[in-house]
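Chemist: Input file: query.cif. Contents: mmCIF, C-alpha atoms.
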```
data_my_file
loop_
_atom_site.group_PDB
_atom_site.id
_atom_site.type_symbol
_atom_site.label_atom_id
_atom_site.label_comp_id
_atom_site.auth_asym_id
_atom_site.auth_seq_id
_atom_site.Cartn_x
_atom_site.Cartn_y
_atom_site.Cartn_z
ATOM 1 C CA MET A 1 -10.044 8.122 -18.250
ATOM 2 C CA ILE A 2 -9.260 5.686 -15.451
ATOM 3 C CA GLU A 3 -9.574 1.977 -16.178
ATOM 4 C CA THR A 4 -11.607 -0.061 -13.696
ATOM 5 C CA ILE A 5 -9.613 -3.107 -12.683
ATOM 6 C CA SER A 6 -11.597 -4.986 -10.050
ATOM 7 C CA PRO A 7 -15.000 -5.385 -8.496
ATOM 8 C CA LYS A 8 -15.673 -3.885 -5.074
ATOM 9 C CA SER A 9 -13.358 -5.415 -2.515
ATOM 10 C CA LYS A 10 -13.633 -5.576 1.222
ATOM 11 C CA ALA A 11 -10.036 -4.930 2.266
ATOM 12 C CA VAL A 12 -7.293 -2.720 0.890
ATOM 13 C CA CYS A 13 -3.667 -3.081 1.923
ATOM 14 C CA VAL A 14 -1.798 0.208 2.031
ATOM 15 C CA PHE A 15 1.987 0.175 1.809
ATOM 16 C CA CYS A 16 3.376 3.499 3.036
ATOM 17 C CA GLY A 17 6.044 5.215 5.078
ATOM 18 C CA ALA A 18 6.438 5.003 8.850
ATOM 19 C CA SER A 19 8.455 8.196 9.335
ATOM 20 C CA ASN A 20 7.000 11.299 10.964
ATOM 21 C CA ASN A 21 9.982 13.272 9.674
ATOM 22 C CA VAL A 22 8.362 14.033 6.315
ATOM 23 C CA PRO A 23 6.467 17.038 4.995
ATOM 24 C CA ARG A 24 3.009 17.298 6.596
ATOM 25 C CA LYS A 25 1.286 16.972 3.205
ATOM 26 C CA PHE A 26 2.147 13.246 3.110
ATOM 27 C CA LEU A 27 0.547 12.634 6.498
ATOM 28 C CA ASP A 28 -2.495 14.711 5.506
ATOM 29 C CA ILE A 29 -3.098 12.848 2.229
ATOM 30 C CA GLY A 30 -2.754 9.553 4.098
ATOM 31 C CA ALA A 31 -5.378 10.672 6.599
ATOM 32 C CA GLU A 32 -7.668 11.783 3.779
ATOM 33 C CA PHE A 33 -7.419 8.343 2.193
ATOM 34 C CA GLY A 34 -8.170 6.730 5.557
ATOM 35 C CA ARG A 35 -11.398 8.712 5.774
ATOM 36 C CA VAL A 36 -12.313 7.575 2.246
ATOM 37 C CA LEU A 37 -11.833 3.929 3.240
ATOM 38 C CA ALA A 38 -13.919 4.337 6.396
ATOM 39 C CA ARG A 39 -16.763 6.088 4.538
ATOM 40 C CA ARG A 40 -16.857 3.249 2.009
ATOM 41 C CA ASP A 41 -16.726 0.565 4.719
ATOM 42 C CA ILE A 42 -13.475 -0.850 3.357
ATOM 43 C CA THR A 43 -11.108 -2.476 5.833
ATOM 44 C CA LEU A 44 -7.596 -1.090 5.986
ATOM 45 C CA VAL A 45 -4.851 -3.697 6.167
ATOM 46 C CA TYR A 46 -1.415 -2.282 6.852
ATOM 47 C CA GLY A 47 1.846 -2.774 8.739
ATOM 48 C CA GLY A 48 0.425 -1.986 12.169
ATOM 49 C CA GLY A 49 2.613 0.970 13.113
ATOM 50 C CA ASP A 50 1.511 4.108 14.911
ATOM 51 C CA CYS A 51 3.699 6.631 13.093
ATOM 52 C CA GLY A 52 4.160 8.304 9.730
ATOM 53 C CA VAL A 53 1.743 7.907 6.868
ATOM 54 C CA MET A 54 0.929 4.448 8.269
ATOM 55 C CA GLY A 55 -0.327 5.943 11.506
ATOM 56 C CA ALA A 56 -2.131 8.782 9.723
ATOM 57 C CA VAL A 57 -4.114 6.405 7.495
ATOM 58 C CA ALA A 58 -4.978 4.075 10.388
ATOM 59 C CA ASN A 59 -5.970 6.883 12.759
ATOM 60 C CA ALA A 60 -8.263 8.415 10.151
ATOM 61 C CA VAL A 61 -9.981 5.089 9.429
ATOM 62 C CA MET A 62 -10.460 4.471 13.153
ATOM 63 C CA GLY A 63 -11.558 8.083 13.740
ATOM 64 C CA ASP A 64 -14.329 7.679 11.186
ATOM 65 C CA GLY A 65 -15.503 4.362 12.627
ATOM 66 C CA GLY A 66 -13.809 2.057 10.118
ATOM 67 C CA HIS A 67 -12.062 -1.268 10.626
ATOM 68 C CA VAL A 68 -8.267 -1.531 10.687
ATOM 69 C CA THR A 69 -6.159 -4.675 10.709
ATOM 70 C CA GLY A 70 -2.514 -4.110 11.524
ATOM 71 C CA VAL A 71 0.186 -6.730 11.067
ATOM 72 C CA PHE A 72 3.260 -5.947 13.140
ATOM 73 C CA PRO A 73 6.509 -7.937 13.388
ATOM 74 C CA VAL A 74 8.025 -8.286 16.850
ATOM 75 C CA ASN A 75 11.499 -7.368 15.599
ATOM 76 C CA LEU A 76 10.316 -3.836 14.731
ATOM 77 C CA ARG A 77 9.587 -2.991 18.365
ATOM 78 C CA ASN A 78 13.087 -1.598 18.810
ATOM 79 C CA ILE A 79 12.492 0.801 15.878
ATOM 80 C CA GLU A 80 8.808 1.753 16.122
ATOM 81 C CA ASN A 81 5.696 0.884 18.090
ATOM 82 C CA GLU A 82 2.673 -1.085 17.070
ATOM 83 C CA HIS A 83 -0.577 0.868 17.121
ATOM 84 C CA LYS A 84 -2.409 0.197 20.387
ATOM 85 C CA SER A 85 -5.922 1.248 19.273
ATOM 86 C CA LEU A 86 -6.651 -0.793 16.164
ATOM 87 C CA SER A 87 -9.685 -2.955 15.506
ATOM 88 C CA GLU A 88 -7.299 -5.884 15.167
ATOM 89 C CA ILE A 89 -3.546 -6.235 15.639
ATOM 90 C CA ILE A 90 -1.706 -9.348 14.555
ATOM 91 C CA ILE A 91 1.783 -9.790 15.963
ATOM 92 C CA VAL A 92 4.093 -11.908 13.807
ATOM 93 C CA ASP A 93 7.717 -12.962 14.155
ATOM 94 C CA THR A 94 9.204 -11.801 10.850
ATOM 95 C CA MET A 95 8.815 -9.302 8.038
ATOM 96 C CA HIS A 96 8.127 -12.195 5.670
ATOM 97 C CA GLU A 97 5.205 -13.325 7.833
ATOM 98 C CA ARG A 98 3.962 -9.743 7.917
ATOM 99 C CA LYS A 99 3.909 -9.440 4.141
ATOM 100 C CA MET A 100 2.234 -12.821 3.669
ATOM 101 C CA ASN A 101 -0.393 -12.032 6.294
ATOM 102 C CA MET A 102 -1.182 -8.648 4.745
ATOM 103 C CA PHE A 103 -1.351 -10.266 1.309
ATOM 104 C CA GLU A 104 -3.776 -12.971 2.448
ATOM 105 C CA ARG A 105 -6.108 -10.451 4.110
ATOM 106 C CA SER A 106 -6.258 -7.997 1.209
ATOM 107 C CA ASP A 107 -8.176 -7.708 -2.020
ATOM 108 C CA ALA A 108 -6.050 -4.892 -3.466
ATOM 109 C CA PHE A 109 -2.853 -2.969 -2.777
ATOM 110 C CA VAL A 110 -2.257 0.768 -2.786
ATOM 111 C CA ILE A 111 1.264 2.129 -2.587
ATOM 112 C CA PHE A 112 1.572 5.550 -0.956
ATOM 113 C CA PRO A 113 4.814 7.494 -0.615
ATOM 114 C CA GLY A 114 7.283 5.730 1.628
ATOM 115 C CA GLY A 115 10.834 4.490 1.922
ATOM 116 C CA PHE A 116 12.777 1.299 1.391
ATOM 117 C CA GLY A 117 10.260 -0.835 3.299
ATOM 118 C CA THR A 118 7.434 0.471 1.127
ATOM 119 C CA MET A 119 9.414 -0.336 -2.014
ATOM 120 C CA ASP A 120 10.236 -3.800 -0.658
ATOM 121 C CA GLU A 121 6.537 -4.496 -0.096
ATOM 122 C CA MET A 122 5.560 -3.110 -3.490
ATOM 123 C CA PHE A 123 8.189 -5.056 -5.420
ATOM 124 C CA GLU A 124 7.375 -8.288 -3.634
ATOM 125 C CA ILE A 125 3.664 -7.961 -4.437
ATOM 126 C CA LEU A 126 4.520 -7.092 -8.069
ATOM 127 C CA THR A 127 6.919 -10.031 -8.299
ATOM 128 C CA TRP A 128 4.228 -12.362 -6.975
ATOM 129 C CA LYS A 129 1.888 -10.973 -9.624
ATOM 130 C CA GLN A 130 4.534 -11.524 -12.307
ATOM 131 C CA LEU A 131 4.832 -15.140 -11.128
ATOM 132 C CA ALA A 132 1.015 -15.528 -11.404
ATOM 133 C CA LEU A 133 0.671 -16.080 -7.649
ATOM 134 C CA HIS A 134 -2.162 -13.530 -7.563
ATOM 135 C CA ASP A 135 -4.216 -11.237 -9.751
ATOM 136 C CA LYS A 136 -5.072 -8.557 -7.191
ATOM 137 C CA PRO A 137 -4.998 -4.918 -8.281
ATOM 138 C CA VAL A 138 -1.938 -2.827 -7.455
ATOM 139 C CA VAL A 139 -2.204 0.971 -7.547
ATOM 140 C CA ILE A 140 0.806 3.241 -7.148
ATOM 141 C CA PHE A 141 -0.273 6.625 -5.794
ATOM 142 C CA ASN A 142 2.248 9.005 -7.331
ATOM 143 C CA TYR A 143 1.294 11.876 -5.048
ATOM 144 C CA GLN A 144 2.833 15.144 -6.283
ATOM 145 C CA GLY A 145 5.321 13.188 -8.398
ATOM 146 C CA TYR A 146 6.863 11.361 -5.432
ATOM 147 C CA TRP A 147 7.346 8.119 -7.359
ATOM 148 C CA ASP A 148 8.415 9.746 -10.670
ATOM 149 C CA PRO A 149 12.043 8.498 -10.505
ATOM 150 C CA LEU A 150 10.918 4.978 -9.616
ATOM 151 C CA ILE A 151 8.347 4.912 -12.421
ATOM 152 C CA VAL A 152 11.068 5.963 -14.884
ATOM 153 C CA LEU A 153 13.285 3.146 -13.567
ATOM 154 C CA MET A 154 10.462 0.607 -13.897
ATOM 155 C CA LYS A 155 9.876 1.681 -17.510
ATOM 156 C CA ASN A 156 13.620 1.395 -18.175
ATOM 157 C CA ILE A 157 13.689 -2.135 -16.740
ATOM 158 C CA ILE A 158 10.956 -3.104 -19.212
ATOM 159 C CA GLU A 159 12.480 -1.228 -22.179
ATOM 160 C CA ILE A 160 15.925 -2.800 -21.648
ATOM 161 C CA GLY A 161 14.361 -6.260 -21.451
ATOM 162 C CA PHE A 162 14.849 -7.249 -17.811
ATOM 163 C CA ALA A 163 11.060 -7.503 -17.541
ATOM 164 C CA LYS A 164 8.482 -8.327 -20.180
ATOM 165 C CA PRO A 165 6.286 -5.532 -21.562
ATOM 166 C CA VAL A 166 3.231 -7.161 -19.971
ATOM 167 C CA THR A 167 4.739 -6.289 -16.589
ATOM 168 C CA SER A 168 3.584 -2.699 -17.042
ATOM 169 C CA THR A 169 -0.018 -3.953 -16.881
ATOM 170 C CA TYR A 170 0.491 -5.383 -13.378
ATOM 171 C CA TYR A 171 0.125 -1.958 -11.758
ATOM 172 C CA HIS A 172 -1.642 1.323 -12.346
ATOM 173 C CA VAL A 173 -0.156 4.715 -11.557
ATOM 174 C CA VAL A 174 -2.497 7.477 -10.419
ATOM 175 C CA THR A 175 -1.766 11.023 -9.329
ATOM 176 C CA GLU A 176 -5.003 12.046 -7.587
ATOM 177 C CA LEU A 177 -6.595 10.536 -4.497
ATOM 178 C CA ASP A 178 -10.017 10.038 -6.104
ATOM 179 C CA GLN A 179 -8.365 8.099 -8.950
ATOM 180 C CA ILE A 180 -7.398 5.356 -6.509
ATOM 181 C CA MET A 181 -10.976 4.390 -5.750
ATOM 182 C CA ASP A 182 -12.072 4.999 -9.341
ATOM 183 C CA THR A 183 -9.356 2.597 -10.518
ATOM 184 C CA LEU A 184 -10.339 -0.034 -7.942
ATOM 185 C CA ALA A 185 -14.064 0.521 -8.639
ATOM 186 C CA PHE A 186 -14.860 0.500 -4.913
#
```
Before we go any further, please render this structure as structure tokens.
Modeler:
Amino acid sequence: MIETISPKSKAVCVFCGASNNVPRKFLDIGAEFGRVLARRDITLVYGGGDCGVMGAVANAVMGDGGHVTGVFPVNLRNIENEHKSLSEIIIVDTMHERKMNMFERSDAFVIFPGGFGTMDEMFEILTWKQLALHDKPVVIFNYQGYWDPLIVLMKNIIEIGFAKPVTSTYYHVVTELDQIMDTLAF
């Protein structure tokens, strides 16, 4: 049984990968989630890129008539491109501004498979929760076991004593797409 952790929210921030050089299944599941958000009239807030899982989620939301807010730092332009067809694009100077802007615009956070940037975003939002700077839901989508090694590490951090046991209540791990929305009660 999935625990409901928040009332219906209006905006969900998705942290996810920006690489197209991943198995197609990751792009497809991102697009499927984008369609879910659009059908439920939930705004997507994300990093503003046009590639990888990020682009797949955003394109699916837009394709189904939903609203997408992208937050893109100028210094990423030499690595990737901001999405040119979003409902709203906010250009910021730094990655720190990006994360703060996404945080302020979101009612919940969902972590999809991604790389170091995704982990950076996830750990910052969890650290802010640990410091009682917010009480917004955080859901880790462990699609096909992608995050298994990280989840083991997080449990080890708690078991060894580098984090308090209560830390494990700051996030929920789900393995199926429909569990995300069930957990958020959207």
Chemist: Please provide the set of residues having any atom within 10 Å of stretch 173-181 of chain A, restricted to only C-alpha atoms, with same-chain residues fewer than 5 positions apart removed, written as an MDAnalysis selection string.
Modeler: chainID A and resid 1:4 8 29:30 32:33 36:37 40 110:111 138:148 151 168 186
Chemist: Restricting the calculation to only C-alpha atoms, which member of A:Leu44, A:Ala56, A:Ile157, A:Val12 is positioned closest to A:Asp28?
Modeler: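 Smallest distance to A:Asp28 is found for A:Ala56.
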Chemist: For a test of reading the model, state the distance in Å between atom CA of A:His83 and atom CA of A:Glu124, rounded to one decimal.
Modeler: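 Atom CA of A:Glu124 lies 24.0 Å from atom CA of A:His83.
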Chemist: Residues at most 12 Å from A:Val57, counting all atoms listed in the file, excluding those fewer than 5 positions away in the same chain, as a PyMOL selection string?
Modeler: chain A and resi 12-18+26-38+43-52+62-64+66-70+83+86+110+112
Chemist: Take every atom of stretch 115-118 of chain A listed in the file, fit an axis-aligned box around them, add 3 Å per side, and give the centre and edge lengths in Å to one decimal as lines of an AutoDock Vina configuration file.
Modeler:
```
center_x = 10.1
center_y = 1.8
center_z = 2.2
size_x = 11.3
size_y = 11.3
size_z = 8.2
```
Chemist: By how many Å are atom CA of A:Val71 and atom CA of A:Ile91 apart?
Modeler: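 So the two atoms, atom CA of A:Val71 and atom CA of A:Ile91, lie 6.0 Å apart.
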Chemist: Pick from A:Thr167, A:Asn75, A:Thr183, A:Asn20: nearest to A:Glu97, with only C-alpha atoms counted?
Modeler: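 Answer, going by the shortest atom-to-atom distance: A:Asn75.
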Chemist: For the file shown, report as a list in words the outcome of the PyMOL selection byres ((chain A and resi 170) around 8) at residue level.
Modeler: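 Applied to this file, the PyMOL selection byres ((chain A and resi 170) around 8) selects Leu126, Lys129, Gln130, Pro137, Val138, Val166, Thr167, Ser168, Thr169, Tyr171 and His172 of chain A.
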Chemist: So that I have them on file, write out the residues from the current selection with C-alpha atoms, as a compact mmCIF listing (two decimals), keeping the file's coordinate frame.
Modeler:
```
# COMPACT_ATOMS: atom_id res chain seq x y z
CA LEU A 126 4.52 -7.09 -8.07
CA LYS A 129 1.89 -10.97 -9.62
CA GLN A 130 4.53 -11.52 -12.31
CA PRO A 137 -5.00 -4.92 -8.28
CA VAL A 138 -1.94 -2.83 -7.46
CA VAL A 166 3.23 -7.16 -19.97
CA THR A 167 4.74 -6.29 -16.59
CA SER A 168 3.58 -2.70 -17.04
CA THR A 169 -0.02 -3.95 -16.88
CA TYR A 171 0.12 -1.96 -11.76
CA HIS A 172 -1.64 1.32 -12.35
```
Chemist: For the atom pair atom CA of A:Thr94 and atom CA of A:Val22, what is the interatomic distance in Å to one decimal place?
Modeler: 26.2 Å
Chemist: Between A:Pro165, A:Asp120, A:Val53, A:Ser85, which is the closest to A:Arg24 once you count only C-alpha atoms?
Modeler: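 The shortest atom-to-atom distance to A:Arg24 comes from A:Val53.
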Chemist: For a quick check of understanding, using only C-alpha atoms, which of A:Val92, A:Val74, A:Leu184, A:Ile158 has the smallest distance to A:Ile42?
Modeler: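 Comparing A:Val92, A:Val74, A:Leu184, A:Ile158 against A:Ile42, the winner is A:Leu184.
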